[in-house]
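Presented below is the structure to which this report refers.
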Amino acid sequence: MELASRQAIVVLTGAGISKESGLETFRDEDGIWSKVKLEDVATPEAFQRDPALVQAFYNQRRRGLLAADIGPNAAHTALARLERDWPGPFLLVTQNIDDLHERAGSKKLIHMHGELLKALCLACGGKSPCRSDLGAATPCPHCGSEGQLRPDVVWFGEMPYQMERIYEALGTCGLFVSTGTSGTVYPAAGFAGEARQCGAQTAELNLERSGNGALFSEGRYGPATQIVPAFVDELLSGAV
Ligand code: BV8
């Protein structure tokens with residue numbers, strides 16, 4: 001895979017890149033959706049129907065993310081190094097709501113499905129940092145309304161964030177890399193096809209070939225902490 005160093009790179013990540021950091025994926029055998037139904041905790045209707053259940057689901061994941069033994073792994077660090085050292089334009093788009101890319105040093109980053117460590121106020125629309133449990137009495141730091149805060153995450157049926165900026169990057173990149181995602185959830189699952197249509201090369205770096213593996217011109221399979229740093233080394237050494 002030849003890539004001129006002035007060309008743009010777009011990387012998409014999913015839950016698989018955080019697995020070796022100790023965070024659960026969604027659709028692996030022991031994944032989150034094997035323990036709870038997404039219809040009960042990850043849709044606006046679920047929040048309407050049973051806000052306490054939804055808040056408890058995200059409170060538990062937030063506490064897990066903030067546990068002392070959770071941190072970025074070699075794959076997160078390698079992507080931060082690629083952003084720093086790649087001479088051309090770079091953008092990292094993550095479906096993940098954890099902050100492990102930030103902790104690894106990534107800055108040119110879009111959380112298209114939102115962030116677990118942010119809250120969104122239903123009363124004033126204000127966003128605020130959130131590192132503790134949200135509940136029926138939690139006041140909004142902007143408007144003071146109580147019990148109006150929800151996790152600032154994109155649920156099923158809601159529009160992901162910064163889609164225009166993402167499509168613009170997909171339309172002008174020379175290389176699109178997808179890593180740690182099963183390619184099940186749209187519109188993210190359609191990004192490889194978008195990039196390919198605009199002439200980009202495409203690479204999938206995953207534990208196993210995903211459902212839309214056929215969309216990629218290159219596939220590297222294994223644990224992210226091994227295959228992502230190796231791929232970044234190849235890109236930076238110009239060997240790709
Ligand atoms: C929307 C946030 C429209 C909260 C999540 C066609 C077009 C458009 C929409 C749709 C469509 N068809 C269906 C839809 C609707 C829906 C959808 O895609 N449904 C699916 C189930 C079919 N999409 C939506 O609703 C989206 N919104 O389209 O809005 C719209 C238009 C106008 C106006 C309004 C709205 C919103 C989707 C976002 C939903 N929110 N999460 C939260 O996290 O709780 S989705 C959830 O799935 C997570 O964000 C997660 O990141 C995402 C994708 O999962 P993955 O990250 O891929 O994780 P998964 O477990 O599946 O896979 C892990 C992979 O890692 C595996 O391949 C595994 O092999 C690999 N792996 C494991 N270990 C390792 C590893 N790889 C490397 N190393 C390892 N060690």
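Each chain of the structure tokens is named A, B, ... in the order shown, its residues numbered from 1; ligands are numbered from 1 in display order.
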Residues within 6 Å of ligand 1, counting only C-alpha atoms and all ligand atoms, as a PDB file with all heavy atoms, in the first residue's frame:
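So the final result, stored in pocket-v4.pdb, reads:
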ATOM      1  N   GLY A  14     -13.409   1.527  17.095  1.00  0.00           N
ATOM      2  CA  GLY A  14     -14.575   1.006  17.802  1.00  0.00           C
ATOM      3  C   GLY A  14     -14.124   0.361  19.094  1.00  0.00           C
ATOM      4  O   GLY A  14     -12.949   0.424  19.476  1.00  0.00           O
ATOM      5  N   ALA A  15     -15.075  -0.291  19.757  1.00  0.00           N
ATOM      6  CA  ALA A  15     -14.852  -0.813  21.106  1.00  0.00           C
ATOM      7  C   ALA A  15     -13.674  -1.781  21.201  1.00  0.00           C
ATOM      8  O   ALA A  15     -13.048  -1.913  22.254  1.00  0.00           O
ATOM      9  CB  ALA A  15     -16.130  -1.486  21.591  1.00  0.00           C
ATOM     10  N   GLY A  16     -13.324  -2.422  20.102  1.00  0.00           N
ATOM     11  CA  GLY A  16     -12.234  -3.410  20.132  1.00  0.00           C
ATOM     12  C   GLY A  16     -10.895  -2.818  20.481  1.00  0.00           C
ATOM     13  O   GLY A  16     -10.027  -3.489  21.042  1.00  0.00           O
ATOM     14  N   ILE A  17     -10.710  -1.502  20.198  1.00  0.00           N
ATOM     15  CA  ILE A  17      -9.399  -0.905  20.498  1.00  0.00           C
ATOM     16  C   ILE A  17      -9.222  -0.694  22.001  1.00  0.00           C
ATOM     17  O   ILE A  17      -8.106  -0.582  22.502  1.00  0.00           O
ATOM     18  CB  ILE A  17      -9.181   0.420  19.725  1.00  0.00           C
ATOM     19  CG1 ILE A  17      -7.691   0.758  19.670  1.00  0.00           C
ATOM     20  CG2 ILE A  17      -9.994   1.574  20.325  1.00  0.00           C
ATOM     21  CD1 ILE A  17      -7.309   1.854  18.725  1.00  0.00           C
ATOM     22  N   LYS A  19     -10.566  -2.883  24.246  1.00  0.00           N
ATOM     23  CA  LYS A  19     -10.763  -4.193  24.910  1.00  0.00           C
ATOM     24  C   LYS A  19      -9.548  -4.548  25.769  1.00  0.00           C
ATOM     25  O   LYS A  19      -9.676  -4.994  26.901  1.00  0.00           O
ATOM     26  CB  LYS A  19     -11.008  -5.276  23.851  1.00  0.00           C
ATOM     27  CG  LYS A  19     -11.232  -6.694  24.398  1.00  0.00           C
ATOM     28  CD  LYS A  19     -12.631  -6.885  24.931  1.00  0.00           C
ATOM     29  CE  LYS A  19     -12.888  -8.272  25.508  1.00  0.00           C
ATOM     30  NZ  LYS A  19     -13.045  -9.331  24.478  1.00  0.00           N
ATOM     31  N   GLU A  20      -8.334  -4.372  25.216  1.00  0.00           N
ATOM     32  CA  GLU A  20      -7.131  -4.785  25.964  1.00  0.00           C
ATOM     33  C   GLU A  20      -6.782  -3.804  27.079  1.00  0.00           C
ATOM     34  O   GLU A  20      -5.869  -4.023  27.846  1.00  0.00           O
ATOM     35  CB  GLU A  20      -5.954  -4.957  24.980  1.00  0.00           C
ATOM     36  CG  GLU A  20      -6.144  -6.164  24.057  1.00  0.00           C
ATOM     37  CD  GLU A  20      -5.242  -6.110  22.841  1.00  0.00           C
ATOM     38  OE1 GLU A  20      -5.683  -5.525  21.840  1.00  0.00           O
ATOM     39  OE2 GLU A  20      -4.132  -6.622  22.905  1.00  0.00           O
ATOM     40  N   THR A  25     -16.442  -4.881  24.950  1.00  0.00           N
ATOM     41  CA  THR A  25     -16.990  -4.541  23.637  1.00  0.00           C
ATOM     42  C   THR A  25     -18.500  -4.781  23.703  1.00  0.00           C
ATOM     43  O   THR A  25     -19.044  -5.057  24.773  1.00  0.00           O
ATOM     44  CB  THR A  25     -16.371  -5.446  22.551  1.00  0.00           C
ATOM     45  OG1 THR A  25     -16.704  -6.804  22.897  1.00  0.00           O
ATOM     46  CG2 THR A  25     -14.859  -5.278  22.486  1.00  0.00           C
ATOM     47  N   PHE A  26     -19.174  -4.644  22.580  1.00  0.00           N
ATOM     48  CA  PHE A  26     -20.633  -4.771  22.554  1.00  0.00           C
ATOM     49  C   PHE A  26     -21.079  -6.139  22.063  1.00  0.00           C
ATOM     50  O   PHE A  26     -21.970  -6.758  22.653  1.00  0.00           O
ATOM     51  CB  PHE A  26     -21.231  -3.679  21.654  1.00  0.00           C
ATOM     52  CG  PHE A  26     -21.094  -2.321  22.261  1.00  0.00           C
ATOM     53  CD1 PHE A  26     -19.955  -1.568  22.055  1.00  0.00           C
ATOM     54  CD2 PHE A  26     -22.083  -1.825  23.107  1.00  0.00           C
ATOM     55  CE1 PHE A  26     -19.802  -0.326  22.647  1.00  0.00           C
ATOM     56  CE2 PHE A  26     -21.941  -0.570  23.709  1.00  0.00           C
ATOM     57  CZ  PHE A  26     -20.797   0.169  23.483  1.00  0.00           C
ATOM     58  N   ARG A  27     -20.438  -6.597  20.963  1.00  0.00           N
ATOM     59  CA  ARG A  27     -21.000  -7.781  20.283  1.00  0.00           C
ATOM     60  C   ARG A  27     -20.107  -9.010  20.368  1.00  0.00           C
ATOM     61  O   ARG A  27     -20.372 -10.008  19.734  1.00  0.00           O
ATOM     62  CB  ARG A  27     -21.313  -7.399  18.821  1.00  0.00           C
ATOM     63  CG  ARG A  27     -22.415  -6.346  18.765  1.00  0.00           C
ATOM     64  CD  ARG A  27     -22.609  -5.723  17.401  1.00  0.00           C
ATOM     65  NE  ARG A  27     -23.566  -4.623  17.526  1.00  0.00           N
ATOM     66  CZ  ARG A  27     -23.225  -3.382  17.912  1.00  0.00           C
ATOM     67  NH1 ARG A  27     -21.951  -3.077  18.159  1.00  0.00           N
ATOM     68  NH2 ARG A  27     -24.123  -2.416  18.045  1.00  0.00           N
ATOM     69  N   ASP A  28     -19.029  -8.910  21.150  1.00  0.00           N
ATOM     70  CA  ASP A  28     -18.277 -10.146  21.400  1.00  0.00           C
ATOM     71  C   ASP A  28     -19.125 -11.045  22.284  1.00  0.00           C
ATOM     72  O   ASP A  28     -20.124 -10.595  22.863  1.00  0.00           O
ATOM     73  CB  ASP A  28     -16.941  -9.823  22.092  1.00  0.00           C
ATOM     74  CG  ASP A  28     -15.903  -9.261  21.106  1.00  0.00           C
ATOM     75  OD1 ASP A  28     -16.031  -9.540  19.906  1.00  0.00           O
ATOM     76  OD2 ASP A  28     -15.025  -8.518  21.543  1.00  0.00           O
ATOM     77  N   ALA A  42     -30.163   2.091  25.416  1.00  0.00           N
ATOM     78  CA  ALA A  42     -29.408   2.948  24.486  1.00  0.00           C
ATOM     79  C   ALA A  42     -30.286   3.535  23.381  1.00  0.00           C
ATOM     80  O   ALA A  42     -29.880   3.642  22.221  1.00  0.00           O
ATOM     81  CB  ALA A  42     -28.242   2.148  23.869  1.00  0.00           C
ATOM     82  N   GLN A  95     -16.040   5.717  17.582  1.00  0.00           N
ATOM     83  CA  GLN A  95     -17.406   5.384  17.990  1.00  0.00           C
ATOM     84  C   GLN A  95     -17.448   5.229  19.502  1.00  0.00           C
ATOM     85  O   GLN A  95     -18.515   5.143  20.093  1.00  0.00           O
ATOM     86  CB  GLN A  95     -17.854   4.076  17.343  1.00  0.00           C
ATOM     87  CG  GLN A  95     -17.894   4.091  15.825  1.00  0.00           C
ATOM     88  CD  GLN A  95     -18.164   2.709  15.278  1.00  0.00           C
ATOM     89  OE1 GLN A  95     -19.311   2.323  15.075  1.00  0.00           O
ATOM     90  NE2 GLN A  95     -17.122   1.936  15.062  1.00  0.00           N
ATOM     91  N   ASN A  96     -16.291   5.190  20.126  1.00  0.00           N
ATOM     92  CA  ASN A  96     -16.208   4.921  21.560  1.00  0.00           C
ATOM     93  C   ASN A  96     -16.543   6.154  22.374  1.00  0.00           C
ATOM     94  O   ASN A  96     -16.261   7.292  21.960  1.00  0.00           O
ATOM     95  CB  ASN A  96     -14.795   4.438  21.930  1.00  0.00           C
ATOM     96  CG  ASN A  96     -14.420   3.160  21.192  1.00  0.00           C
ATOM     97  OD1 ASN A  96     -15.298   2.447  20.697  1.00  0.00           O
ATOM     98  ND2 ASN A  96     -13.130   2.890  21.070  1.00  0.00           N
ATOM     99  N   ILE A  97     -17.110   5.925  23.533  1.00  0.00           N
ATOM    100  CA  ILE A  97     -17.463   7.043  24.425  1.00  0.00           C
ATOM    101  C   ILE A  97     -16.483   7.124  25.593  1.00  0.00           C
ATOM    102  O   ILE A  97     -16.630   7.967  26.472  1.00  0.00           O
ATOM    103  CB  ILE A  97     -18.923   6.899  24.919  1.00  0.00           C
ATOM    104  CG1 ILE A  97     -19.140   5.599  25.703  1.00  0.00           C
ATOM    105  CG2 ILE A  97     -19.888   6.969  23.743  1.00  0.00           C
ATOM    106  CD1 ILE A  97     -20.550   5.504  26.324  1.00  0.00           C
ATOM    107  N   HIS A 113     -20.135   9.260  18.607  1.00  0.00           N
ATOM    108  CA  HIS A 113     -21.228   8.740  19.442  1.00  0.00           C
ATOM    109  C   HIS A 113     -21.241   9.371  20.822  1.00  0.00           C
ATOM    110  O   HIS A 113     -21.861   8.837  21.743  1.00  0.00           O
ATOM    111  CB  HIS A 113     -21.119   7.213  19.558  1.00  0.00           C
ATOM    112  CG  HIS A 113     -21.423   6.510  18.266  1.00  0.00           C
ATOM    113  ND1 HIS A 113     -21.096   5.191  18.054  1.00  0.00           N
ATOM    114  CD2 HIS A 113     -22.005   6.948  17.120  1.00  0.00           C
ATOM    115  CE1 HIS A 113     -21.474   4.847  16.824  1.00  0.00           C
ATOM    116  NE2 HIS A 113     -22.017   5.892  16.246  1.00  0.00           N
ATOM    117  N   VAL A 153     -24.248  11.008  25.153  1.00  0.00           N
ATOM    118  CA  VAL A 153     -23.912   9.947  24.192  1.00  0.00           C
ATOM    119  C   VAL A 153     -25.020   9.883  23.149  1.00  0.00           C
ATOM    120  O   VAL A 153     -26.156  10.276  23.396  1.00  0.00           O
ATOM    121  CB  VAL A 153     -23.757   8.564  24.877  1.00  0.00           C
ATOM    122  CG1 VAL A 153     -22.632   8.588  25.896  1.00  0.00           C
ATOM    123  CG2 VAL A 153     -25.051   8.109  25.513  1.00  0.00           C
ATOM    124  N   VAL A 154     -24.677   9.406  21.947  1.00  0.00           N
ATOM    125  CA  VAL A 154     -25.638   9.311  20.838  1.00  0.00           C
ATOM    126  C   VAL A 154     -26.300   7.938  20.902  1.00  0.00           C
ATOM    127  O   VAL A 154     -25.619   6.923  20.750  1.00  0.00           O
ATOM    128  CB  VAL A 154     -24.917   9.502  19.481  1.00  0.00           C
ATOM    129  CG1 VAL A 154     -25.889   9.303  18.317  1.00  0.00           C
ATOM    130  CG2 VAL A 154     -24.263  10.875  19.412  1.00  0.00           C
ATOM    131  N   TRP A 155     -27.604   7.926  21.147  1.00  0.00           N
ATOM    132  CA  TRP A 155     -28.323   6.656  21.218  1.00  0.00           C
ATOM    133  C   TRP A 155     -28.815   6.224  19.837  1.00  0.00           C
ATOM    134  O   TRP A 155     -28.759   7.001  18.882  1.00  0.00           O
ATOM    135  CB  TRP A 155     -29.501   6.831  22.176  1.00  0.00           C
ATOM    136  CG  TRP A 155     -29.057   6.849  23.626  1.00  0.00           C
ATOM    137  CD1 TRP A 155     -28.048   6.117  24.195  1.00  0.00           C
ATOM    138  CD2 TRP A 155     -29.604   7.637  24.683  1.00  0.00           C
ATOM    139  NE1 TRP A 155     -27.939   6.417  25.537  1.00  0.00           N
ATOM    140  CE2 TRP A 155     -28.883   7.324  25.867  1.00  0.00           C
ATOM    141  CE3 TRP A 155     -30.645   8.568  24.771  1.00  0.00           C
ATOM    142  CZ2 TRP A 155     -29.166   7.923  27.090  1.00  0.00           C
ATOM    143  CZ3 TRP A 155     -30.921   9.157  25.997  1.00  0.00           C
ATOM    144  CH2 TRP A 155     -30.188   8.827  27.151  1.00  0.00           C
ATOM    145  N   PHE A 156     -29.301   5.011  19.735  1.00  0.00           N
ATOM    146  CA  PHE A 156     -29.841   4.529  18.449  1.00  0.00           C
ATOM    147  C   PHE A 156     -31.047   5.380  18.066  1.00  0.00           C
ATOM    148  O   PHE A 156     -31.886   5.694  18.926  1.00  0.00           O
ATOM    149  CB  PHE A 156     -30.219   3.056  18.559  1.00  0.00           C
ATOM    150  CG  PHE A 156     -29.009   2.162  18.603  1.00  0.00           C
ATOM    151  CD1 PHE A 156     -28.449   1.783  19.817  1.00  0.00           C
ATOM    152  CD2 PHE A 156     -28.387   1.742  17.433  1.00  0.00           C
ATOM    153  CE1 PHE A 156     -27.313   1.002  19.868  1.00  0.00           C
ATOM    154  CE2 PHE A 156     -27.251   0.949  17.468  1.00  0.00           C
ATOM    155  CZ  PHE A 156     -26.714   0.588  18.692  1.00  0.00           C
ATOM    156  N   GLY A 157     -31.051   5.817  16.819  1.00  0.00           N
ATOM    157  CA  GLY A 157     -32.135   6.694  16.348  1.00  0.00           C
ATOM    158  C   GLY A 157     -31.766   8.150  16.466  1.00  0.00           C
ATOM    159  O   GLY A 157     -32.494   9.019  16.004  1.00  0.00           O
ATOM    160  N   GLU A 158     -30.610   8.472  17.088  1.00  0.00           N
ATOM    161  CA  GLU A 158     -30.160   9.871  17.190  1.00  0.00           C
ATOM    162  C   GLU A 158     -29.041  10.123  16.185  1.00  0.00           C
ATOM    163  O   GLU A 158     -28.292   9.197  15.830  1.00  0.00           O
ATOM    164  CB  GLU A 158     -29.679  10.165  18.616  1.00  0.00           C
ATOM    165  CG  GLU A 158     -30.805  10.075  19.651  1.00  0.00           C
ATOM    166  CD  GLU A 158     -30.367  10.481  21.051  1.00  0.00           C
ATOM    167  OE1 GLU A 158     -29.223  10.147  21.452  1.00  0.00           O
ATOM    168  OE2 GLU A 158     -31.169  11.112  21.757  1.00  0.00           O
ATOM    169  N   MET A 159     -28.910  11.349  15.743  1.00  0.00           N
ATOM    170  CA  MET A 159     -27.905  11.706  14.751  1.00  0.00           C
ATOM    171  C   MET A 159     -26.510  11.757  15.389  1.00  0.00           C
ATOM    172  O   MET A 159     -26.319  12.457  16.376  1.00  0.00           O
ATOM    173  CB  MET A 159     -28.261  13.065  14.147  1.00  0.00           C
ATOM    174  CG  MET A 159     -27.284  13.553  13.101  1.00  0.00           C
ATOM    175  SD  MET A 159     -27.088  12.398  11.755  1.00  0.00           S
ATOM    176  CE  MET A 159     -28.319  13.013  10.642  1.00  0.00           C
ATOM    177  N   PRO A 160     -25.558  10.984  14.864  1.00  0.00           N
ATOM    178  CA  PRO A 160     -24.199  11.093  15.399  1.00  0.00           C
ATOM    179  C   PRO A 160     -23.659  12.506  15.237  1.00  0.00           C
ATOM    180  O   PRO A 160     -24.103  13.263  14.382  1.00  0.00           O
ATOM    181  CB  PRO A 160     -23.402  10.087  14.558  1.00  0.00           C
ATOM    182  CG  PRO A 160     -24.433   9.107  14.083  1.00  0.00           C
ATOM    183  CD  PRO A 160     -25.665   9.940  13.856  1.00  0.00           C
ATOM    184  N   GLY A 180     -10.893  -2.146  15.312  1.00  0.00           N
ATOM    185  CA  GLY A 180     -11.624  -2.461  16.541  1.00  0.00           C
ATOM    186  C   GLY A 180     -13.121  -2.298  16.432  1.00  0.00           C
ATOM    187  O   GLY A 180     -13.783  -2.031  17.424  1.00  0.00           O
ATOM    188  N   THR A 181     -13.660  -2.476  15.233  1.00  0.00           N
ATOM    189  CA  THR A 181     -15.107  -2.330  15.080  1.00  0.00           C
ATOM    190  C   THR A 181     -15.672  -3.459  14.221  1.00  0.00           C
ATOM    191  O   THR A 181     -15.054  -3.908  13.269  1.00  0.00           O
ATOM    192  CB  THR A 181     -15.490  -0.952  14.490  1.00  0.00           C
ATOM    193  OG1 THR A 181     -16.928  -0.870  14.358  1.00  0.00           O
ATOM    194  CG2 THR A 181     -14.837  -0.698  13.136  1.00  0.00           C
ATOM    195  N   SER A 182     -16.891  -3.881  14.601  1.00  0.00           N
ATOM    196  CA  SER A 182     -17.526  -5.002  13.887  1.00  0.00           C
ATOM    197  C   SER A 182     -18.203  -4.531  12.610  1.00  0.00           C
ATOM    198  O   SER A 182     -18.715  -5.333  11.833  1.00  0.00           O
ATOM    199  CB  SER A 182     -18.580  -5.659  14.795  1.00  0.00           C
ATOM    200  OG  SER A 182     -19.589  -4.694  15.115  1.00  0.00           O
ATOM    201  N   GLY A 183     -18.228  -3.201  12.384  1.00  0.00           N
ATOM    202  CA  GLY A 183     -18.853  -2.689  11.160  1.00  0.00           C
ATOM    203  C   GLY A 183     -20.345  -3.025  11.114  1.00  0.00           C
ATOM    204  O   GLY A 183     -20.902  -3.345  10.067  1.00  0.00           O
ATOM    205  N   THR A 184     -20.989  -2.924  12.283  1.00  0.00           N
ATOM    206  CA  THR A 184     -22.410  -3.276  12.381  1.00  0.00           C
ATOM    207  C   THR A 184     -23.304  -2.041  12.430  1.00  0.00           C
ATOM    208  O   THR A 184     -24.444  -2.064  12.017  1.00  0.00           O
ATOM    209  CB  THR A 184     -22.649  -4.058  13.703  1.00  0.00           C
ATOM    210  OG1 THR A 184     -21.622  -5.013  13.860  1.00  0.00           O
ATOM    211  CG2 THR A 184     -24.002  -4.732  13.721  1.00  0.00           C
ATOM    212  N   VAL A 185     -22.772  -0.957  13.014  1.00  0.00           N
ATOM    213  CA  VAL A 185     -23.610   0.211  13.315  1.00  0.00           C
ATOM    214  C   VAL A 185     -23.391   1.293  12.265  1.00  0.00           C
ATOM    215  O   VAL A 185     -22.257   1.676  11.970  1.00  0.00           O
ATOM    216  CB  VAL A 185     -23.284   0.729  14.729  1.00  0.00           C
ATOM    217  CG1 VAL A 185     -24.011   2.028  15.012  1.00  0.00           C
ATOM    218  CG2 VAL A 185     -23.673  -0.332  15.759  1.00  0.00           C
ATOM    219  N   TYR A 186     -24.503   1.795  11.715  1.00  0.00           N
ATOM    220  CA  TYR A 186     -24.449   2.875  10.732  1.00  0.00           C
ATOM    221  C   TYR A 186     -24.683   4.205  11.427  1.00  0.00           C
ATOM    222  O   TYR A 186     -25.277   4.230  12.512  1.00  0.00           O
ATOM    223  CB  TYR A 186     -25.534   2.623   9.662  1.00  0.00           C
ATOM    224  CG  TYR A 186     -25.152   1.459   8.773  1.00  0.00           C
ATOM    225  CD1 TYR A 186     -25.435   0.140   9.155  1.00  0.00           C
ATOM    226  CD2 TYR A 186     -24.455   1.671   7.591  1.00  0.00           C
ATOM    227  CE1 TYR A 186     -25.046  -0.929   8.354  1.00  0.00           C
ATOM    228  CE2 TYR A 186     -24.069   0.604   6.781  1.00  0.00           C
ATOM    229  CZ  TYR A 186     -24.361  -0.684   7.183  1.00  0.00           C
ATOM    230  OH  TYR A 186     -23.968  -1.734   6.390  1.00  0.00           O
ATOM    231  N   PRO A 187     -24.234   5.304  10.839  1.00  0.00           N
ATOM    232  CA  PRO A 187     -23.533   5.420   9.547  1.00  0.00           C
ATOM    233  C   PRO A 187     -22.049   5.048   9.583  1.00  0.00           C
ATOM    234  O   PRO A 187     -21.425   4.970   8.535  1.00  0.00           O
ATOM    235  CB  PRO A 187     -23.718   6.899   9.194  1.00  0.00           C
ATOM    236  CG  PRO A 187     -23.864   7.576  10.506  1.00  0.00           C
ATOM    237  CD  PRO A 187     -24.556   6.596  11.408  1.00  0.00           C
ATOM    238  N   ASN A 206      -8.206  -5.516  12.710  1.00  0.00           N
ATOM    239  CA  ASN A 206      -9.211  -6.008  13.650  1.00  0.00           C
ATOM    240  C   ASN A 206      -8.801  -7.375  14.192  1.00  0.00           C
ATOM    241  O   ASN A 206      -7.946  -8.044  13.624  1.00  0.00           O
ATOM    242  CB  ASN A 206     -10.565  -6.079  12.931  1.00  0.00           C
ATOM    243  CG  ASN A 206     -11.722  -5.866  13.888  1.00  0.00           C
ATOM    244  OD1 ASN A 206     -11.753  -4.931  14.663  1.00  0.00           O
ATOM    245  ND2 ASN A 206     -12.671  -6.794  13.838  1.00  0.00           N
ATOM    246  N   LEU A 207      -9.494  -7.784  15.285  1.00  0.00           N
ATOM    247  CA  LEU A 207      -9.160  -9.123  15.802  1.00  0.00           C
ATOM    248  C   LEU A 207      -9.514 -10.171  14.763  1.00  0.00           C
ATOM    249  O   LEU A 207      -8.796 -11.131  14.546  1.00  0.00           O
ATOM    250  CB  LEU A 207      -9.928  -9.369  17.099  1.00  0.00           C
ATOM    251  CG  LEU A 207      -9.524 -10.628  17.879  1.00  0.00           C
ATOM    252  CD1 LEU A 207      -8.081 -10.507  18.347  1.00  0.00           C
ATOM    253  CD2 LEU A 207     -10.434 -10.849  19.071  1.00  0.00           C
ATOM    254  N   GLU A 208     -10.663  -9.929  14.103  1.00  0.00           N
ATOM    255  CA  GLU A 208     -11.047 -10.849  13.016  1.00  0.00           C
ATOM    256  C   GLU A 208     -11.723 -10.045  11.919  1.00  0.00           C
ATOM    257  O   GLU A 208     -12.130  -8.902  12.148  1.00  0.00           O
ATOM    258  CB  GLU A 208     -12.007 -11.924  13.547  1.00  0.00           C
ATOM    259  CG  GLU A 208     -13.320 -11.354  14.020  1.00  0.00           C
ATOM    260  CD  GLU A 208     -13.896 -12.092  15.230  1.00  0.00           C
ATOM    261  OE1 GLU A 208     -13.291 -13.038  15.746  1.00  0.00           O
ATOM    262  OE2 GLU A 208     -14.969 -11.662  15.667  1.00  0.00           O
ATOM    263  N   SER A 210     -14.249  -8.290   9.764  1.00  0.00           N
ATOM    264  CA  SER A 210     -15.598  -7.846  10.144  1.00  0.00           C
ATOM    265  C   SER A 210     -16.579  -8.139   9.012  1.00  0.00           C
ATOM    266  O   SER A 210     -16.200  -8.568   7.925  1.00  0.00           O
ATOM    267  CB  SER A 210     -15.571  -6.341  10.405  1.00  0.00           C
ATOM    268  OG  SER A 210     -15.449  -5.662   9.159  1.00  0.00           O
ATOM    269  N   PRO A 223      -4.682  -8.929  17.765  1.00  0.00           N
ATOM    270  CA  PRO A 223      -5.016  -7.971  18.819  1.00  0.00           C
ATOM    271  C   PRO A 223      -4.535  -6.559  18.451  1.00  0.00           C
ATOM    272  O   PRO A 223      -3.426  -6.394  17.924  1.00  0.00           O
ATOM    273  CB  PRO A 223      -4.274  -8.508  20.042  1.00  0.00           C
ATOM    274  CG  PRO A 223      -3.868  -9.900  19.698  1.00  0.00           C
ATOM    275  CD  PRO A 223      -3.763  -9.968  18.216  1.00  0.00           C
ATOM    276  N   ALA A 224      -5.334  -5.557  18.774  1.00  0.00           N
ATOM    277  CA  ALA A 224      -5.015  -4.176  18.385  1.00  0.00           C
ATOM    278  C   ALA A 224      -3.662  -3.724  18.913  1.00  0.00           C
ATOM    279  O   ALA A 224      -2.922  -3.005  18.228  1.00  0.00           O
ATOM    280  CB  ALA A 224      -6.120  -3.247  18.900  1.00  0.00           C
TER     281      ALA A 224
END
task: With a distance cut-off of 9 Å and only C-alpha atoms, select the neighbouring residues of region 61-74 of chain A, excluding the residue or stretch itself and same-chain residues fewer than 6 positions from it, and output the selection as a VMD selection string.
output: chain A and resid 17 to 18 20 to 23 98 to 104 116 to 117 130 to 133 224 to 226 228 to 229
Quick check for you: according to DSSP on this backbone, which residues of region 14-122 of chain A are classed as alpha helix (DSSP H)? Reply as a ChimeraX atom specification. /A:16-19,38-41,44-49,51-65,74-85,100-104
Take the residues from that selection and write them out as a compact mmCIF listing (two decimals), in the first residue's frame, keeping C-alpha atoms.
# COMPACT_ATOMS: atom_id res chain seq x y z
CA GLY A 16 -12.23 -3.41 20.13
CA ILE A 17 -9.40 -0.90 20.50
CA SER A 18 -10.26 -0.47 24.20
CA LYS A 19 -10.76 -4.19 24.91
CA LEU A 38 -29.79 -2.06 23.67
CA GLU A 39 -33.50 -1.23 23.38
CA ASP A 40 -33.65 -0.97 27.18
CA VAL A 41 -30.64 1.31 27.72
CA PRO A 44 -34.26 7.95 23.64
CA GLU A 45 -37.42 5.86 24.18
CA ALA A 46 -35.65 3.78 26.83
CA PHE A 47 -34.65 6.98 28.65
CA GLN A 48 -38.23 8.24 28.50
CA ARG A 49 -39.55 4.92 29.75
CA PRO A 51 -34.50 6.97 33.12
CA ALA A 52 -33.22 5.34 36.33
CA LEU A 53 -32.31 2.12 34.46
CA VAL A 54 -30.51 4.06 31.72
CA GLN A 55 -28.67 6.29 34.21
CA ALA A 56 -27.61 3.19 36.20
CA PHE A 57 -26.24 1.58 33.00
CA TYR A 58 -24.08 4.60 32.19
CA ASN A 59 -23.16 5.31 35.84
CA GLN A 60 -21.75 1.80 36.08
CA ARG A 61 -19.75 2.17 32.83
CA ARG A 62 -18.50 5.63 33.92
CA ARG A 63 -17.30 4.26 37.25
CA GLY A 64 -15.60 1.40 35.36
CA LEU A 65 -13.83 3.81 33.00
CA ALA A 74 -0.36 0.47 22.90
CA ALA A 75 -2.95 0.83 20.11
CA HIS A 76 -4.25 4.15 21.49
CA THR A 77 -0.66 5.35 21.93
CA ALA A 78 0.29 4.33 18.39
CA LEU A 79 -2.61 6.34 16.90
CA ALA A 80 -1.55 9.40 18.91
CA ARG A 81 1.99 8.93 17.55
CA LEU A 82 0.63 8.67 13.98
CA GLU A 83 -1.28 11.96 14.46
CA ARG A 84 1.88 13.63 15.78
CA ASP A 85 4.35 12.30 13.19
CA LEU A 100 -8.66 6.60 26.28
CA HIS A 101 -7.67 8.27 22.99
CA GLU A 102 -7.41 11.63 24.81
CA ARG A 103 -5.40 10.05 27.63
CA ALA A 104 -3.01 8.62 24.98
Shell around Ser128 (chain A) at 7 Å using only C-alpha atoms, local window under 6 positions removed, as a compact mmCIF listing (two decimals) with C-alpha atoms, in the first residue's frame:
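That gives us selection-v4.txt:
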# COMPACT_ATOMS: atom_id res chain seq x y z
CA LYS A 118 -19.88 14.55 29.56
CA ALA A 119 -23.50 15.33 30.49
CA LEU A 120 -26.13 17.03 28.32
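Nearest residue to Val93 (chain A), choosing from A:Ala169, A:Ala137, A:Leu149, A:Cys124 and counting only C-alpha atoms: A:Ala169.
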Using only C-alpha atoms, the residue out of A:Ala189, A:Val177, A:Ala214, A:Arg209 with shortest distance to Phe231 (chain A) is A:Val177
